[in-house]
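Next comes run.cif, with mmCIF, C-alpha atoms.
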```
data_query
#
loop_
_atom_site.label_atom_id
_atom_site.label_comp_id
_atom_site.auth_asym_id
_atom_site.auth_seq_id
_atom_site.Cartn_x
_atom_site.Cartn_y
_atom_site.Cartn_z
CA MET A 26 0.00 0.00 0.00
CA VAL A 27 1.48 3.32 -1.00
CA GLU A 28 1.37 5.96 1.71
CA TRP A 29 0.71 9.49 0.52
CA THR A 30 1.20 12.55 2.69
CA ASP A 31 -1.36 15.36 2.46
CA PHE A 32 1.27 17.49 0.75
CA GLU A 33 1.82 14.79 -1.90
CA ARG A 34 -1.90 14.34 -2.56
CA GLU A 35 -2.52 18.07 -2.87
CA THR A 36 0.55 18.57 -5.01
CA ILE A 37 -0.44 15.86 -7.50
CA LYS A 38 -4.03 17.07 -7.75
CA SER A 39 -2.88 20.65 -8.10
CA ILE A 40 -0.36 19.92 -10.84
CA PHE A 41 -2.72 17.80 -12.92
CA GLY A 42 -5.58 20.23 -12.29
CA LYS A 43 -3.59 22.94 -14.05
CA LEU A 44 -2.27 20.91 -16.98
CA ASP A 45 -3.71 21.14 -20.48
CA TYR A 46 -3.75 17.39 -21.16
CA ASP A 47 -3.70 17.82 -24.93
CA GLU A 48 -0.75 20.19 -24.93
CA VAL A 49 1.30 18.45 -22.26
CA GLY A 50 0.55 14.99 -23.66
CA LEU A 51 1.92 16.00 -27.05
CA ALA A 52 4.92 17.82 -25.54
CA ALA A 53 5.91 14.88 -23.33
CA LEU A 54 5.48 12.18 -25.98
CA CYS A 55 7.20 14.28 -28.65
CA ARG A 56 10.13 14.93 -26.30
CA CYS A 57 10.40 11.21 -25.53
CA LEU A 58 10.43 10.25 -29.22
CA VAL A 59 13.11 12.89 -29.96
CA VAL A 60 15.37 12.47 -26.94
CA TYR A 61 15.13 8.67 -26.88
CA PRO A 62 14.62 7.81 -30.55
CA TRP A 63 14.55 4.06 -29.96
CA THR A 64 11.12 4.57 -28.36
CA GLN A 65 9.86 5.15 -31.91
CA ARG A 66 9.92 1.39 -32.38
CA TYR A 67 6.45 1.22 -30.86
CA PHE A 68 4.96 3.69 -33.29
CA GLY A 69 5.78 2.18 -36.67
CA ASN A 70 2.34 2.99 -38.02
CA PHE A 71 2.44 6.65 -36.98
CA GLY A 72 3.84 7.81 -40.31
CA ASN A 73 6.29 10.70 -40.36
CA LEU A 74 8.55 10.69 -37.28
CA TYR A 75 11.54 11.82 -39.29
CA ASN A 76 12.58 14.81 -37.20
CA ALA A 77 11.45 16.85 -34.19
CA ASP A 78 9.24 19.18 -36.24
CA ALA A 79 7.54 16.27 -37.98
CA ILE A 80 6.96 14.49 -34.67
CA ASN A 81 5.55 17.63 -33.09
CA ALA A 82 3.17 18.16 -36.03
CA ASN A 83 2.11 14.52 -36.26
CA PRO A 84 -1.61 14.20 -35.38
CA MET A 85 -1.20 10.58 -34.27
CA VAL A 86 1.46 11.62 -31.76
CA ALA A 87 -0.88 14.33 -30.46
CA ALA A 88 -3.75 11.86 -30.18
CA HIS A 89 -1.60 9.36 -28.35
CA GLY A 90 -0.20 12.00 -26.00
CA LYS A 91 -3.77 12.76 -25.04
CA VAL A 92 -4.48 9.05 -24.41
CA VAL A 93 -1.44 8.81 -22.13
CA LEU A 94 -2.35 11.90 -20.07
CA ASN A 95 -5.94 10.73 -19.70
CA GLY A 96 -4.56 7.39 -18.56
CA LEU A 97 -2.52 9.22 -15.91
CA ASP A 98 -5.65 11.06 -14.87
CA LYS A 99 -7.12 7.73 -13.76
CA ALA A 100 -4.23 7.34 -11.33
CA VAL A 101 -4.67 10.92 -10.08
CA LYS A 102 -8.31 10.13 -9.29
CA ASN A 103 -7.45 6.79 -7.64
CA MET A 104 -4.23 7.48 -5.80
CA ASP A 105 -5.01 4.88 -3.16
CA ASN A 106 -5.34 2.08 -5.65
CA ILE A 107 -3.17 2.81 -8.65
CA LYS A 108 -2.17 -0.84 -8.79
CA GLY A 109 -5.76 -2.00 -9.22
CA THR A 110 -6.64 0.88 -11.54
CA TYR A 111 -3.84 -0.09 -13.91
CA ALA A 112 -4.22 -3.89 -13.84
CA GLU A 113 -5.76 -4.06 -17.31
CA LEU A 114 -3.45 -1.42 -18.76
CA SER A 115 -0.51 -3.40 -17.47
CA VAL A 116 -1.70 -6.54 -19.23
CA LEU A 117 -2.26 -4.50 -22.40
CA HIS A 118 1.27 -3.05 -22.35
CA SER A 119 2.95 -6.37 -21.64
CA GLU A 120 0.88 -8.88 -23.62
CA LYS A 121 -0.34 -6.90 -26.59
CA LEU A 122 1.91 -3.84 -26.99
CA ARG A 123 5.06 -5.56 -25.65
CA VAL A 124 6.62 -2.34 -24.42
CA ASP A 125 9.97 -2.67 -22.64
CA PRO A 126 9.09 -1.26 -19.19
CA ASP A 127 12.22 0.85 -19.20
CA ASN A 128 10.39 3.08 -21.66
CA PHE A 129 7.83 4.02 -19.01
CA ARG A 130 10.66 5.54 -17.00
CA LEU A 131 11.91 7.46 -20.02
CA LEU A 132 8.45 8.91 -20.71
CA ALA A 133 8.07 9.72 -17.00
CA ASP A 134 11.36 11.67 -17.08
CA CYS A 135 10.24 13.60 -20.16
CA LEU A 136 6.91 14.43 -18.50
CA THR A 137 8.77 15.67 -15.42
CA ILE A 138 10.85 17.98 -17.59
CA VAL A 139 7.81 19.27 -19.49
CA VAL A 140 6.01 20.03 -16.21
CA ALA A 141 9.17 21.70 -14.81
CA ALA A 142 9.32 23.92 -17.91
CA ARG A 143 5.71 24.99 -17.41
CA MET A 144 5.89 25.50 -13.64
CA GLY A 145 9.31 27.17 -13.43
CA ALA A 146 10.15 28.22 -9.88
CA ASP A 147 6.91 26.62 -8.56
CA PHE A 148 8.40 23.23 -9.40
CA THR A 149 10.34 23.15 -6.15
CA ALA A 150 12.41 20.17 -5.02
CA GLU A 151 9.58 19.00 -2.76
CA VAL A 152 7.04 19.28 -5.57
CA GLN A 153 9.42 17.39 -7.87
CA ALA A 154 9.83 14.66 -5.24
CA ALA A 155 6.04 14.24 -4.95
CA PHE A 156 5.59 14.24 -8.73
CA GLN A 157 8.35 11.70 -9.32
CA LYS A 158 7.04 9.48 -6.50
CA PHE A 159 3.62 9.50 -8.17
CA LEU A 160 5.13 8.62 -11.56
CA ALA A 161 7.25 5.88 -9.95
CA VAL A 162 4.10 4.29 -8.52
CA VAL A 163 2.40 4.57 -11.91
CA VAL A 164 5.39 2.94 -13.64
CA SER A 165 5.59 0.18 -11.05
CA SER A 166 1.86 -0.56 -11.44
CA LEU A 167 2.23 -0.71 -15.21
CA CYS A 168 5.08 -3.22 -14.79
CA ARG A 169 3.16 -5.48 -12.43
CA GLN A 170 1.62 -7.84 -14.97
CA TYR A 171 4.82 -8.49 -16.89
CA TYR A 172 6.18 -12.03 -16.65
CA MET B 28 25.98 7.82 -28.72
CA SER B 29 28.72 10.26 -29.64
CA LEU B 30 28.18 13.97 -30.13
CA SER B 31 27.42 15.20 -33.62
CA ALA B 32 28.38 18.68 -34.82
CA LYS B 33 24.77 19.71 -34.25
CA ASP B 34 24.85 18.39 -30.67
CA LYS B 35 28.00 20.37 -29.94
CA SER B 36 26.56 23.58 -31.31
CA ASN B 37 23.27 23.05 -29.42
CA VAL B 38 25.19 22.54 -26.17
CA LYS B 39 27.38 25.60 -26.72
CA ALA B 40 24.35 27.72 -27.57
CA ILE B 41 22.28 26.81 -24.52
CA TRP B 42 25.33 26.95 -22.29
CA GLY B 43 25.73 30.58 -23.28
CA LYS B 44 22.34 31.16 -21.63
CA ILE B 45 23.08 28.90 -18.65
CA LEU B 46 26.39 30.59 -17.83
CA PRO B 47 24.94 33.81 -16.28
CA LYS B 48 22.80 31.67 -13.95
CA SER B 49 25.37 28.94 -13.51
CA ASP B 50 25.66 29.26 -9.72
CA ALA B 51 21.92 29.18 -9.11
CA ILE B 52 21.42 26.30 -11.51
CA GLY B 53 24.27 24.27 -9.98
CA GLU B 54 22.99 24.80 -6.45
CA GLN B 55 19.41 24.00 -7.48
CA ALA B 56 20.41 20.81 -9.29
CA LEU B 57 22.48 19.48 -6.42
CA SER B 58 20.02 20.32 -3.65
CA ARG B 59 17.16 18.98 -5.73
CA MET B 60 19.04 15.71 -6.17
CA LEU B 61 19.55 15.43 -2.40
CA VAL B 62 15.82 15.95 -1.77
CA VAL B 63 14.32 13.90 -4.61
CA TYR B 64 16.86 11.05 -4.43
CA PRO B 65 17.70 10.89 -0.74
CA GLN B 66 20.02 7.92 -1.24
CA THR B 67 22.51 10.38 -2.77
CA LYS B 68 22.91 11.99 0.65
CA THR B 69 25.02 9.01 1.65
CA TYR B 70 27.93 10.56 -0.22
CA PHE B 71 27.79 13.79 1.74
CA THR B 72 27.76 12.74 5.38
CA HIS B 73 30.76 15.02 5.90
CA PHE B 74 28.73 18.05 4.87
CA GLY B 75 26.82 18.54 8.09
CA ASP B 76 24.03 20.66 6.66
CA LEU B 77 22.39 19.16 3.58
CA SER B 78 19.30 21.33 3.59
CA PRO B 79 18.55 23.45 0.50
CA GLY B 80 20.36 26.76 0.77
CA SER B 81 23.18 25.38 2.92
CA ALA B 82 26.55 26.98 2.24
CA GLN B 83 28.28 23.66 1.59
CA VAL B 84 25.67 22.51 -0.89
CA LYS B 85 25.88 25.86 -2.65
CA LYS B 86 29.67 25.70 -2.84
CA HIS B 87 29.65 22.17 -4.13
CA GLY B 88 27.00 23.01 -6.71
CA ASP B 89 29.34 25.80 -7.91
CA THR B 90 32.28 23.39 -8.09
CA ILE B 91 30.33 20.93 -10.19
CA MET B 92 28.86 23.55 -12.53
CA ASN B 93 32.23 25.23 -13.08
CA LYS B 94 33.68 21.91 -14.14
CA ILE B 95 30.78 21.14 -16.45
CA ASP B 96 31.17 24.65 -17.92
CA GLU B 97 34.80 23.78 -18.69
CA CYS B 98 33.71 20.48 -20.24
CA VAL B 99 31.62 22.44 -22.75
CA ASN B 100 34.90 23.85 -24.06
CA HIS B 101 36.56 20.44 -24.15
CA MET B 102 33.83 18.38 -25.77
CA ASP B 103 36.28 16.80 -28.19
CA GLU B 104 38.59 15.52 -25.51
CA LEU B 105 36.46 14.79 -22.45
CA VAL B 106 38.30 11.61 -21.46
CA PRO B 107 41.79 13.17 -21.18
CA PHE B 108 40.32 16.42 -19.80
CA LEU B 109 38.55 14.60 -16.97
CA SER B 110 41.30 12.06 -16.36
CA SER B 111 42.36 13.18 -12.88
CA LEU B 112 38.78 13.86 -11.81
CA SER B 113 37.91 10.35 -12.92
CA GLU B 114 40.80 9.02 -10.86
CA LEU B 115 39.45 10.93 -7.83
CA HIS B 116 35.90 9.63 -8.27
CA ALA B 117 37.09 6.09 -8.87
CA THR B 118 39.62 5.63 -6.13
CA GLN B 119 38.65 8.05 -3.39
CA LEU B 120 35.07 9.20 -3.72
CA ARG B 121 33.88 5.90 -5.17
CA VAL B 122 30.57 7.33 -6.28
CA ASP B 123 28.45 4.68 -7.97
CA PRO B 124 28.31 5.89 -11.59
CA ALA B 125 24.52 5.44 -11.62
CA ASN B 126 24.42 8.65 -9.61
CA PHE B 127 25.91 10.67 -12.49
CA LYS B 128 22.71 9.90 -14.38
CA ILE B 129 20.64 11.05 -11.42
CA LEU B 130 22.51 14.37 -11.16
CA ALA B 131 22.24 14.83 -14.93
CA HIS B 132 18.46 14.35 -14.74
CA ASN B 133 18.16 17.01 -12.05
CA LEU B 134 20.33 19.38 -14.05
CA LEU B 135 17.98 18.92 -17.02
CA VAL B 136 14.93 19.60 -14.81
CA VAL B 137 16.46 22.84 -13.51
CA VAL B 138 17.55 24.00 -16.98
CA ALA B 139 13.99 23.28 -18.24
CA ALA B 140 12.55 25.34 -15.36
CA TYR B 141 14.91 28.29 -15.98
CA LEU B 142 14.95 28.25 -19.79
CA PRO B 143 11.65 26.69 -20.90
CA ASN B 144 11.63 28.27 -24.34
CA ASP B 145 15.23 27.41 -25.16
CA PHE B 146 15.16 23.86 -23.84
CA THR B 147 13.45 22.35 -26.88
CA PRO B 148 13.38 18.58 -27.44
CA GLU B 149 16.38 18.80 -29.82
CA VAL B 150 18.42 20.83 -27.33
CA HIS B 151 17.35 18.44 -24.54
CA LEU B 152 18.62 15.54 -26.65
CA SER B 153 22.00 17.20 -27.22
CA VAL B 154 22.48 18.19 -23.58
CA ASP B 155 21.45 14.72 -22.41
CA LYS B 156 24.02 13.15 -24.76
CA PHE B 157 26.68 15.63 -23.60
CA LEU B 158 26.05 14.89 -19.92
CA GLN B 159 26.18 11.17 -20.68
CA GLN B 160 29.57 11.66 -22.33
CA VAL B 161 30.77 13.60 -19.29
CA ALA B 162 29.55 10.77 -17.04
CA LEU B 163 31.29 8.22 -19.22
CA ALA B 164 34.57 10.14 -19.09
CA LEU B 165 34.18 10.46 -15.32
CA SER B 166 33.73 6.68 -15.04
CA GLU B 167 36.73 5.93 -17.24
CA LYS B 168 39.13 5.00 -14.44
CA TYR B 169 36.66 2.97 -12.37
CA ARG B 170 37.77 -0.48 -13.49
#
```
Would you encode the structure as structure tokens?
Amino acid sequence: MVEWTDFERETIKSIFGKLDYDEVGLAALCRCLVVYPWTQRYFGNFGNLYNADAINANPMVAAHGKVVLNGLDKAVKNMDNIKGTYAELSVLHSEKLRVDPDNFRLLADCLTIVVAARMGADFTAEVQAAFQKFLAVVVSSLCRQYY
Amino acid sequence: MSLSAKDKSNVKAIWGKILPKSDAIGEQALSRMLVVYPQTKTYFTHFGDLSPGSAQVKKHGDTIMNKIDECVNHMDELVPFLSSLSELHATQLRVDPANFKILAHNLLVVVAAYLPNDFTPEVHLSVDKFLQQVALALSEKYR
């Protein structure tokens, strides 16, 4: 059972409450595909991922960014049972999509950087710690059904 | 994952903007690392005060940033340039090299917070590669 302090709960809800899921979803996924180009292996049918501009303009990347952020929203709304909330998604990612779980960490790092860029000085060390703890729990829950 | 000409020019360009805030960024990155990854505190038991804003953390952040600043001007010869520092980290400090990645991540977070418009995905990629090369050069003498 993950223990959340009041500060952590409020911080997570506050951050996600202020995010534009469409914009941040695209920014985070685009950054991941550019900074860690091997992650493109999972998006063979996305068409033009040739360079950063193409990735940023790609409507399928935007759509998928939105899917990812809305997926994270489920965890924000169920912080006391992220494991259960993500059981099916974990099976999906391991059995069907066959994503190397290390990629979840890479996307999480990119999302952290995107949020830091938007929050500036408000993204204090304590806020970063809470945010990264949340993402670590999300990643761990997504990895649970792998065998 | 060696540095292309584009990577080098991206790093030099953003470093020009980092330089005026180098002290603040260095201090922020180090103190952030100590808060977000508390296991890193194990290397600084001799510091006494590890809280954000402490004089020792600030000074050490400066030391690290100044060295990284110098690395920007020695991107073509990082291994020889960092040779004695690598020796120090390997034989005396014995910092697990995984921690270089952790510090690099926190540096990227702080740079993103300070320079959101300049820290585009392409620049992020180049800086990430550069910091990885620095980490590799720093690990050179480990075994």
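The gap separating atom CA of A:Arg56 from atom CA of A:Val93 is 13.7 Å, in Å to one decimal.
Taking atom CA of B:Met60 and atom CA of B:Lys156 as the two end points, the separation is 19.4 Å.
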### Task
Using only C-alpha atoms, find which residues of chain A lie within 10 Å of chain B and jot them down as a PyMOL selection string.
chain A and resi 52-53+55-62+76-78+81+134-135+137-158
Residues from last step as file, C-alpha atoms, as a CSV table (one decimal), in the frame of the given file:
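Generated file (again17.csv):
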```
chain,number,residue,atom,x,y,z
A,52,ALA,CA,4.9,17.8,-25.5
A,53,ALA,CA,5.9,14.9,-23.3
A,55,CYS,CA,7.2,14.3,-28.6
A,56,ARG,CA,10.1,14.9,-26.3
A,57,CYS,CA,10.4,11.2,-25.5
A,58,LEU,CA,10.4,10.2,-29.2
A,59,VAL,CA,13.1,12.9,-30.0
A,60,VAL,CA,15.4,12.5,-26.9
A,61,TYR,CA,15.1,8.7,-26.9
A,62,PRO,CA,14.6,7.8,-30.6
A,76,ASN,CA,12.6,14.8,-37.2
A,77,ALA,CA,11.4,16.8,-34.2
A,78,ASP,CA,9.2,19.2,-36.2
A,81,ASN,CA,5.6,17.6,-33.1
A,134,ASP,CA,11.4,11.7,-17.1
A,135,CYS,CA,10.2,13.6,-20.2
A,137,THR,CA,8.8,15.7,-15.4
A,138,ILE,CA,10.8,18.0,-17.6
A,139,VAL,CA,7.8,19.3,-19.5
A,140,VAL,CA,6.0,20.0,-16.2
A,141,ALA,CA,9.2,21.7,-14.8
A,142,ALA,CA,9.3,23.9,-17.9
A,143,ARG,CA,5.7,25.0,-17.4
A,144,MET,CA,5.9,25.5,-13.6
A,145,GLY,CA,9.3,27.2,-13.4
A,146,ALA,CA,10.2,28.2,-9.9
A,147,ASP,CA,6.9,26.6,-8.6
A,148,PHE,CA,8.4,23.2,-9.4
A,149,THR,CA,10.3,23.2,-6.2
A,150,ALA,CA,12.4,20.2,-5.0
A,151,GLU,CA,9.6,19.0,-2.8
A,152,VAL,CA,7.0,19.3,-5.6
A,153,GLN,CA,9.4,17.4,-7.9
A,154,ALA,CA,9.8,14.7,-5.2
A,155,ALA,CA,6.0,14.2,-5.0
A,156,PHE,CA,5.6,14.2,-8.7
A,157,GLN,CA,8.4,11.7,-9.3
A,158,LYS,CA,7.0,9.5,-6.5
```
### Message
Taking (0.2, 17.4, -26.7) as a centre in this file's frame and 8 Å as the limit, can you find every polymer residue with an atom that close, using all atoms listed in the file, and give them as number ranges by chain?
### Response
A: 46-55, 86-88, 90-91
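Across the model, the gap from atom CA of A:Trp63 to atom CA of A:Asn83 is 17.4 Å.
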Every residue with an atom at most 6 Å from (0.5, 0.5, -18.1) (file coordinates; all atoms listed in the file) is what I'm after, so could you write them as an mmCIF file with C-alpha atoms, in the frame of the given file?
```
data_model
loop_
_atom_site.group_PDB
_atom_site.id
_atom_site.type_symbol
_atom_site.label_atom_id
_atom_site.label_comp_id
_atom_site.auth_asym_id
_atom_site.auth_seq_id
_atom_site.Cartn_x
_atom_site.Cartn_y
_atom_site.Cartn_z
ATOM 1 C CA LEU A 114 -3.450 -1.420 -18.760
ATOM 2 C CA SER A 115 -0.510 -3.400 -17.470
ATOM 3 C CA HIS A 118 1.270 -3.050 -22.350
ATOM 4 C CA LEU A 167 2.230 -0.710 -15.210
#
```
### Message
Would you pick out the contacts of B:Asp96 at 9 Å or less, using only C-alpha atoms, so that residues sharing its chain but fewer than 6 positions from it are not included, and give the list as a ChimeraX atom specification?
### Response
/B:42,46,49
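Every protein, DNA or RNA residue with an atom at most 10 Å from B:Ser81, where all atoms listed in the file count and chain neighbours fewer than 6 positions away do not, is listed here: Glu54, Ser58, Phe74 and Gly75 of chain B.
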Take every atom of stretch 86-104 of chain A listed in the file, pad by 5 Å on each side, and give me the axis-aligned box centre and edge lengths in Å, one decimal, as lines of an AutoDock Vina configuration file.
```
center_x = -3.4
center_y = 10.6
center_z = -18.8
size_x = 19.8
size_y = 17.5
size_z = 36.0
```
### Selection: 12 Å around B:Gln83, all atoms listed in the file, excl. self and same-chain fewer than 5 positions, as a count of residues only
14
### Residues matched by the PyMOL selection byres ((chain B and resi 125) around 12) as a ChimeraX atom specification
/B:64,66-67,121-124,126-132,159,162-163,165-166
### Task
Run through the PyMOL selection byres ((chain B and resi 99) around 12) on the given coordinates and return the selected residues as a VMD selection string.
chain B and resid 30 34 to 43 45 to 46 92 to 98 100 to 105 108 to 109 153 to 154 157 to 158 160 to 161
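Among the candidate residues B:Met28, B:Ser110, B:Lys68, B:Lys85, the one lying nearest to B:Gly53 is B:Lys85, with distances computed using all atoms listed in the file.
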### Query
Care to translate the PyMOL selection byres ((chain A and resi 26) around 10) into actual residues of this file, as number ranges by chain?
A: 27-29, 105-108
